[in-house]
>>> print(open('entry.pdb').read())   # PDB, C-alpha atoms and all ligand atoms
ATOM      1  CA  ILE F   1     -15.407  15.300   9.670  1.00  0.00           C
ATOM      2  CA  ILE F   2     -12.291  13.973   7.971  1.00  0.00           C
ATOM      3  CA  GLU F   3      -9.654  16.660   7.499  1.00  0.00           C
ATOM      4  CA  SER F   4      -5.914  17.070   7.768  1.00  0.00           C
ATOM      5  CA  LYS F   5      -4.273  15.580  10.897  1.00  0.00           C
ATOM      6  CA  LYS F   6      -7.262  13.485  11.907  1.00  0.00           C
ATOM      7  CA  VAL F   7      -6.771   9.809  12.661  1.00  0.00           C
ATOM      8  CA  VAL F   8      -9.283   7.948  10.528  1.00  0.00           C
ATOM      9  CA  THR F   9     -10.201   4.328  11.216  1.00  0.00           C
ATOM     10  CA  LEU F  10     -11.902   2.450   8.424  1.00  0.00           C
ATOM     11  CA  ASN F  11     -12.959  -0.927   7.139  1.00  0.00           C
ATOM     12  CA  TYR F  12     -12.076  -1.501   3.517  1.00  0.00           C
ATOM     13  CA  THR F  13     -12.049  -3.948   0.678  1.00  0.00           C
ATOM     14  CA  LEU F  14      -9.846  -3.369  -2.357  1.00  0.00           C
ATOM     15  CA  LYS F  15     -10.697  -4.961  -5.704  1.00  0.00           C
ATOM     16  CA  ASN F  16      -9.278  -4.797  -9.198  1.00  0.00           C
ATOM     17  CA  ASP F  17     -11.270  -4.161 -12.392  1.00  0.00           C
ATOM     18  CA  ALA F  18     -12.210  -7.830 -12.568  1.00  0.00           C
ATOM     19  CA  GLY F  19     -13.708  -7.731  -9.069  1.00  0.00           C
ATOM     20  CA  ASP F  20     -11.016  -9.896  -7.470  1.00  0.00           C
ATOM     21  CA  VAL F  21     -10.367  -8.989  -3.832  1.00  0.00           C
ATOM     22  CA  LEU F  22      -6.731  -7.825  -3.519  1.00  0.00           C
ATOM     23  CA  ASP F  23      -6.842  -6.734   0.097  1.00  0.00           C
ATOM     24  CA  THR F  24      -9.411  -6.352   2.841  1.00  0.00           C
ATOM     25  CA  SER F  25      -9.670  -5.420   6.488  1.00  0.00           C
ATOM     26  CA  ASP F  26     -12.151  -8.295   6.971  1.00  0.00           C
ATOM     27  CA  GLY F  27     -10.657 -10.690   9.470  1.00  0.00           C
ATOM     28  CA  GLN F  28      -7.711  -8.473  10.346  1.00  0.00           C
ATOM     29  CA  GLY F  29      -9.512  -5.506  11.883  1.00  0.00           C
ATOM     30  CA  PRO F  30      -9.895  -1.934  10.674  1.00  0.00           C
ATOM     31  CA  LEU F  31      -7.058   0.196   9.350  1.00  0.00           C
ATOM     32  CA  ALA F  32      -6.109   3.521  10.940  1.00  0.00           C
ATOM     33  CA  TYR F  33      -4.176   6.287   9.168  1.00  0.00           C
ATOM     34  CA  ILE F  34      -3.422   9.977   9.616  1.00  0.00           C
ATOM     35  CA  HIS F  35      -5.246  12.063   7.012  1.00  0.00           C
ATOM     36  CA  GLY F  36      -3.367  14.628   4.939  1.00  0.00           C
ATOM     37  CA  VAL F  37       0.201  13.486   5.624  1.00  0.00           C
ATOM     38  CA  GLY F  38       0.824  11.223   2.620  1.00  0.00           C
ATOM     39  CA  MET F  39       0.052   7.887   4.295  1.00  0.00           C
ATOM     40  CA  MET F  40      -2.928   7.139   2.069  1.00  0.00           C
ATOM     41  CA  ILE F  41      -2.981   7.070  -1.734  1.00  0.00           C
ATOM     42  CA  PRO F  42      -3.991  10.564  -2.920  1.00  0.00           C
ATOM     43  CA  GLY F  43      -7.014   9.497  -4.981  1.00  0.00           C
ATOM     44  CA  LEU F  44      -8.666   7.808  -2.001  1.00  0.00           C
ATOM     45  CA  GLU F  45      -7.687  10.565   0.408  1.00  0.00           C
ATOM     46  CA  THR F  46      -9.460  13.131  -1.796  1.00  0.00           C
ATOM     47  CA  GLU F  47     -12.632  11.038  -1.699  1.00  0.00           C
ATOM     48  CA  LEU F  48     -12.443  10.659   2.089  1.00  0.00           C
ATOM     49  CA  SER F  49     -12.008  14.386   2.816  1.00  0.00           C
ATOM     50  CA  GLY F  50     -15.134  15.854   4.394  1.00  0.00           C
ATOM     51  CA  LYS F  51     -16.759  12.485   5.118  1.00  0.00           C
ATOM     52  CA  THR F  52     -17.888  11.446   8.579  1.00  0.00           C
ATOM     53  CA  VAL F  53     -18.348   8.388  10.806  1.00  0.00           C
ATOM     54  CA  GLY F  54     -20.757   5.846   9.351  1.00  0.00           C
ATOM     55  CA  ASP F  55     -20.303   7.038   5.768  1.00  0.00           C
ATOM     56  CA  LYS F  56     -19.791   4.300   3.212  1.00  0.00           C
ATOM     57  CA  LEU F  57     -17.957   4.938  -0.022  1.00  0.00           C
ATOM     58  CA  ASN F  58     -17.584   2.959  -3.171  1.00  0.00           C
ATOM     59  CA  VAL F  59     -14.869   4.596  -5.237  1.00  0.00           C
ATOM     60  CA  ALA F  60     -12.727   3.763  -8.245  1.00  0.00           C
ATOM     61  CA  VAL F  61      -9.279   5.352  -8.073  1.00  0.00           C
ATOM     62  CA  PRO F  62      -7.413   5.478 -11.408  1.00  0.00           C
ATOM     63  CA  SER F  63      -3.703   4.636 -11.379  1.00  0.00           C
ATOM     64  CA  GLU F  64      -2.745   8.349 -11.488  1.00  0.00           C
ATOM     65  CA  GLY F  65      -4.298   8.726  -8.028  1.00  0.00           C
ATOM     66  CA  ALA F  66      -2.945   5.428  -6.778  1.00  0.00           C
ATOM     67  CA  TYR F  67       0.378   3.732  -7.619  1.00  0.00           C
ATOM     68  CA  GLY F  68       1.056   5.374 -10.988  1.00  0.00           C
ATOM     69  CA  SER F  69       2.176   3.903 -14.275  1.00  0.00           C
ATOM     70  CA  ARG F  70       4.534   1.028 -14.822  1.00  0.00           C
ATOM     71  CA  ASP F  71       8.087   2.065 -15.637  1.00  0.00           C
ATOM     72  CA  GLU F  72       9.895  -0.505 -17.774  1.00  0.00           C
ATOM     73  CA  GLY F  73      13.161   1.029 -16.499  1.00  0.00           C
ATOM     74  CA  LEU F  74      12.331  -0.608 -13.173  1.00  0.00           C
ATOM     75  CA  VAL F  75      12.667  -4.049 -14.728  1.00  0.00           C
ATOM     76  CA  GLN F  76      16.300  -4.851 -14.015  1.00  0.00           C
ATOM     77  CA  LYS F  77      18.807  -7.681 -14.155  1.00  0.00           C
ATOM     78  CA  VAL F  78      20.515  -8.644 -10.909  1.00  0.00           C
ATOM     79  CA  PRO F  79      23.159 -11.363 -10.389  1.00  0.00           C
ATOM     80  CA  LEU F  80      21.801 -14.407  -8.569  1.00  0.00           C
ATOM     81  CA  THR F  81      24.709 -14.072  -6.100  1.00  0.00           C
ATOM     82  CA  GLN F  82      22.969 -10.953  -4.676  1.00  0.00           C
ATOM     83  CA  PHE F  83      20.266 -13.086  -3.129  1.00  0.00           C
ATOM     84  CA  ASP F  84      20.706 -14.611   0.329  1.00  0.00           C
ATOM     85  CA  GLN F  85      18.333 -17.463  -0.458  1.00  0.00           C
ATOM     86  CA  PRO F  86      18.888 -18.389  -4.116  1.00  0.00           C
ATOM     87  CA  GLU F  87      16.542 -21.373  -3.756  1.00  0.00           C
ATOM     88  CA  GLN F  88      13.712 -18.862  -3.213  1.00  0.00           C
ATOM     89  CA  VAL F  89      14.450 -17.069  -6.491  1.00  0.00           C
ATOM     90  CA  ILE F  90      11.511 -18.379  -8.496  1.00  0.00           C
ATOM     91  CA  PRO F  91       9.403 -16.368 -10.974  1.00  0.00           C
ATOM     92  CA  GLY F  92       6.459 -14.780  -9.159  1.00  0.00           C
ATOM     93  CA  ASN F  93       8.128 -14.730  -5.738  1.00  0.00           C
ATOM     94  CA  GLN F  94       8.466 -11.336  -4.101  1.00  0.00           C
ATOM     95  CA  PHE F  95      11.262  -9.949  -1.972  1.00  0.00           C
ATOM     96  CA  GLU F  96      11.465  -6.764   0.027  1.00  0.00           C
ATOM     97  CA  ILE F  97      14.649  -4.907  -0.861  1.00  0.00           C
ATOM     98  CA  ASN F  98      16.094  -1.600   0.297  1.00  0.00           C
ATOM     99  CA  GLY F  99      15.631   0.973  -2.444  1.00  0.00           C
ATOM    100  CA  PRO F 100      16.742   4.607  -2.515  1.00  0.00           C
ATOM    101  CA  GLN F 101      13.409   5.708  -0.981  1.00  0.00           C
ATOM    102  CA  GLY F 102      13.014   2.921   1.540  1.00  0.00           C
ATOM    103  CA  PRO F 103      11.725  -0.625   1.222  1.00  0.00           C
ATOM    104  CA  MET F 104      10.519  -1.736  -2.214  1.00  0.00           C
ATOM    105  CA  LEU F 105       8.880  -4.922  -3.339  1.00  0.00           C
ATOM    106  CA  ALA F 106      10.825  -6.778  -6.019  1.00  0.00           C
ATOM    107  CA  THR F 107       8.973  -9.413  -8.020  1.00  0.00           C
ATOM    108  CA  ILE F 108      11.075 -12.117  -9.694  1.00  0.00           C
ATOM    109  CA  GLN F 109      10.198 -12.110 -13.381  1.00  0.00           C
ATOM    110  CA  SER F 110      12.609 -14.680 -14.800  1.00  0.00           C
ATOM    111  CA  VAL F 111      15.844 -16.494 -14.014  1.00  0.00           C
ATOM    112  CA  GLU F 112      18.407 -17.301 -16.709  1.00  0.00           C
ATOM    113  CA  ASP F 113      21.595 -18.974 -15.558  1.00  0.00           C
ATOM    114  CA  ASP F 114      23.051 -16.583 -12.993  1.00  0.00           C
ATOM    115  CA  ASN F 115      20.970 -13.586 -14.044  1.00  0.00           C
ATOM    116  CA  VAL F 116      17.702 -12.723 -12.351  1.00  0.00           C
ATOM    117  CA  THR F 117      15.242 -10.292 -13.918  1.00  0.00           C
ATOM    118  CA  VAL F 118      13.363  -8.415 -11.200  1.00  0.00           C
ATOM    119  CA  ASP F 119      10.431  -6.030 -11.519  1.00  0.00           C
ATOM    120  CA  LEU F 120      10.588  -3.151  -9.046  1.00  0.00           C
ATOM    121  CA  ASN F 121       7.281  -1.637 -10.118  1.00  0.00           C
ATOM    122  CA  HIS F 122       4.624  -1.505  -7.430  1.00  0.00           C
ATOM    123  CA  PRO F 123       2.410  -4.586  -7.885  1.00  0.00           C
ATOM    124  CA  LEU F 124      -0.612  -2.256  -8.117  1.00  0.00           C
ATOM    125  CA  ALA F 125       0.947   0.101 -10.712  1.00  0.00           C
ATOM    126  CA  ASP F 126      -1.178   0.733 -13.818  1.00  0.00           C
ATOM    127  CA  MET F 127      -4.296  -0.468 -12.021  1.00  0.00           C
ATOM    128  CA  THR F 128      -7.593   1.214 -11.261  1.00  0.00           C
ATOM    129  CA  LEU F 129      -8.328   0.397  -7.632  1.00  0.00           C
ATOM    130  CA  HIS F 130     -11.904  -0.159  -6.478  1.00  0.00           C
ATOM    131  CA  PHE F 131     -12.439   0.531  -2.796  1.00  0.00           C
ATOM    132  CA  ASP F 132     -15.410  -0.212  -0.576  1.00  0.00           C
ATOM    133  CA  VAL F 133     -14.821   1.833   2.554  1.00  0.00           C
ATOM    134  CA  GLU F 134     -16.758   2.311   5.778  1.00  0.00           C
ATOM    135  CA  ILE F 135     -15.606   5.031   8.146  1.00  0.00           C
ATOM    136  CA  VAL F 136     -15.531   3.704  11.701  1.00  0.00           C
ATOM    137  CA  GLU F 137     -13.913   6.428  13.784  1.00  0.00           C
ATOM    138  CA  ILE F 138     -12.390   9.899  13.455  1.00  0.00           C
ATOM    139  CA  ARG F 139     -10.277  11.602  16.121  1.00  0.00           C
ATOM    140  CA  ASP F 140      -7.508  14.174  16.386  1.00  0.00           C
ATOM    141  CA  ALA F 141      -3.979  12.844  15.896  1.00  0.00           C
ATOM    142  CA  THR F 142      -1.749  13.317  18.941  1.00  0.00           C
ATOM    143  CA  GLU F 143       1.487  15.318  18.716  1.00  0.00           C
ATOM    144  CA  GLU F 144       3.364  12.062  19.212  1.00  0.00           C
ATOM    145  CA  GLU F 145       1.561  10.380  16.319  1.00  0.00           C
ATOM    146  CA  LEU F 146       2.258  13.345  14.045  1.00  0.00           C
ATOM    147  CA  SER F 147       5.955  13.333  14.943  1.00  0.00           C
ATOM    148  CA  HIS F 148       6.211   9.552  14.429  1.00  0.00           C
ATOM    149  CA  GLY F 149       4.214   9.675  11.200  1.00  0.00           C
ATOM    150  CA  HIS F 150       1.922   6.801  12.152  1.00  0.00           C
ATOM    151  CA  VAL F 151      -1.074   5.940  14.304  1.00  0.00           C
ATOM    152  CA  HIS F 152      -0.671   4.449  17.771  1.00  0.00           C
ATOM    153  CA  GLY F 153      -3.016   1.826  19.174  1.00  0.00           C
ATOM    154  CA  LYS F 154      -5.931   0.158  17.442  1.00  0.00           C
ATOM    155  CA  GLY F 155      -5.322  -0.253  13.719  1.00  0.00           C
ATOM    156  CA  GLY F 156      -1.850   1.264  13.989  1.00  0.00           C
ATOM    157  CA  VAL F 157       1.496   0.621  15.643  1.00  0.00           C
ATOM    158  CA  GLU F 158       1.702  -0.783  19.179  1.00  0.00           C
ATOM    159  CA  HIS F 159       4.789   0.531  20.929  1.00  0.00           C
TER     160      HIS F 159
HETATM  161 ZN    ZN W 201       5.128   5.711  17.055  1.00  0.00          ZN
END
>>> encode(input="entry.pdb", output="structure tokens")
Amino acid sequence: IIESKKVVTLNYTLKNDAGDVLDTSDGQGPLAYIHGVGMMIPGLETELSGKTVGDKLNVAVPSEGAYGSRDEGLVQKVPLTQFDQPEQVIPGNQFEINGPQGPMLATIQSVEDDNVTVDLNHPLADMTLHFDVEIVEIRDATEEELSHGHVHGKGGVEH
């Protein structure tokens, strides 16, 4: 049974409202996470609680339980000189930058002369996320995994 501090391994496909596949474990192997420690979006974690191996879920998670609402304050102008590879600064391209709470994805919105408008909102903000999930394995997290804050081995970090 899925509960706090279990390592859960699952196959998943994530779609948007239109049914487009945004992400899937197909072809890259199942995903493993530690339940109840903030690794998984809260709306999906709630749905997974109490489920067991072999269960299949089809759930729609509204933005409040996923990546939240867009914040127009996160659309900001940055000088082009801040970018190491200015030739890559093209609308639609994404860069990982170091934000106050760790890495953030910045999407280039527009470029005017030496000013770049970047969008720091999560690309999945404002979206209802549709998950197809199949639970593959459930086991206790080890002390080491809990202290590292991630899963070791299959579906997790190899080190
Ligand atoms: Zn580790």
>>> closest_residue(input="entry.pdb", among="F:His150, F:Thr128, F:Ser49, F:Glu144", to="Ala18 in chain F", atoms="all atoms listed in the file")
F:Thr128
>>> resolve_selection(input="entry.pdb", expression="the PyMOL selection byres (((not hetatm)) within 10 of (chain W and resi 201))", output="list in words")
Glu144, Glu145, Leu146, Ser147, His148, Gly149, His150, Val151, His152, Gly153, Gly156, Val157, Glu158 and His159 of chain F
>>> write_last_selection(input="entry.pdb", atoms="C-alpha atoms", output="mmCIF file, in the coordinates of the input")
data_model
loop_
_atom_site.group_PDB
_atom_site.id
_atom_site.type_symbol
_atom_site.label_atom_id
_atom_site.label_comp_id
_atom_site.auth_asym_id
_atom_site.auth_seq_id
_atom_site.Cartn_x
_atom_site.Cartn_y
_atom_site.Cartn_z
ATOM 1 C CA GLU F 144 3.364 12.062 19.212
ATOM 2 C CA GLU F 145 1.561 10.380 16.319
ATOM 3 C CA LEU F 146 2.258 13.345 14.045
ATOM 4 C CA SER F 147 5.955 13.333 14.943
ATOM 5 C CA HIS F 148 6.211 9.552 14.429
ATOM 6 C CA GLY F 149 4.214 9.675 11.200
ATOM 7 C CA HIS F 150 1.922 6.801 12.152
ATOM 8 C CA VAL F 151 -1.074 5.940 14.304
ATOM 9 C CA HIS F 152 -0.671 4.449 17.771
ATOM 10 C CA GLY F 153 -3.016 1.826 19.174
ATOM 11 C CA GLY F 156 -1.850 1.264 13.989
ATOM 12 C CA VAL F 157 1.496 0.621 15.643
ATOM 13 C CA GLU F 158 1.702 -0.783 19.179
ATOM 14 C CA HIS F 159 4.789 0.531 20.929
#
>>> atom_distance(input="entry.pdb", atom1="CA of Gly92 in chain F", atom2="CA of Asp71 in chain F")
18.1 Å
>>> closest_residue(input="entry.pdb", among="F:Thr81, F:Ser69, F:Thr24, F:Ser4", to="Leu48 in chain F", atoms="only C-alpha atoms")
F:Ser4
>>> residues_around(input="entry.pdb", residues="Val78 in chain F", least_positions_apart="5", cutoff="9 Å", atoms="only C-alpha atoms", output="ChimeraX atom specification")
/F:83,114-118
>>> atom_distance(input="entry.pdb", atom1="CA of Val75 in chain F", atom2="CA of Lys15 in chain F")
25.1 Å
>>> residues_around(input="entry.pdb", residues="Ser63 in chain F", least_positions_apart="3", cutoff="6 Å", atoms="all atoms listed in the file", output="JSON, numbers by chain")
{"F": [66, 67, 68, 126, 127, 128]}
>>> resolve_selection(input="entry.pdb", expression="the PyMOL selection byres (((chain F and resi 7) around 10) and not hetatm)", output="list in words")
Ile2, Glu3, Ser4, Lys5, Lys6, Val8, Thr9, Leu10, Ala32, Tyr33, Ile34, His35, Gly36, Glu137, Ile138, Arg139, Asp140, Ala141, Thr142, Glu145, Leu146, His150, Val151, His152 and Gly156 of chain F
>>> closest_residue(input="entry.pdb", among="F:Gln76, F:Val136, F:Thr46, F:Val37", to="Gln109 in chain F", atoms="all atoms listed in the file")
F:Gln76
>>> closest_residue(input="entry.pdb", among="F:Asn58, F:Gln94, F:Leu31, F:Pro103", to="Lys154 in chain F", atoms="only C-alpha atoms")
F:Leu31
>>> closest_residue(input="entry.pdb", among="F:Ala106, F:Val53, F:Met40, F:Val61", to="Asp132 in chain F", atoms="all atoms listed in the file")
F:Val61
>>> resolve_selection(input="entry.pdb", expression="the PyMOL selection byres (((chain F and resi 57) around 12) and not hetatm)", output="list in words")
Leu10, Asn11, Tyr12, Thr13, Leu14, Leu44, Glu45, Thr46, Glu47, Leu48, Ser49, Lys51, Thr52, Val53, Gly54, Asp55, Lys56, Asn58, Val59, Ala60, Val61, His130, Phe131, Asp132, Val133, Glu134 and Ile135 of chain F
>>> atom_distance(input="entry.pdb", atom1="CA of Pro86 in chain F", atom2="CA of Ile108 in chain F")
11.5 Å
>>> closest_residue(input="entry.pdb", among="F:Val111, F:Ser25, F:Glu72, F:Gly65", to="Glu87 in chain F", atoms="only C-alpha atoms")
F:Val111
>>> axis_aligned_box(input="entry.pdb", around="range 50-61 of chain F", padding_each_side="4 Å", output="AutoDock Vina command-line options")
--center_x -15.0 --center_y 9.4 --center_z 1.3 --size_x 19.5 --size_y 20.9 --size_z 27.1
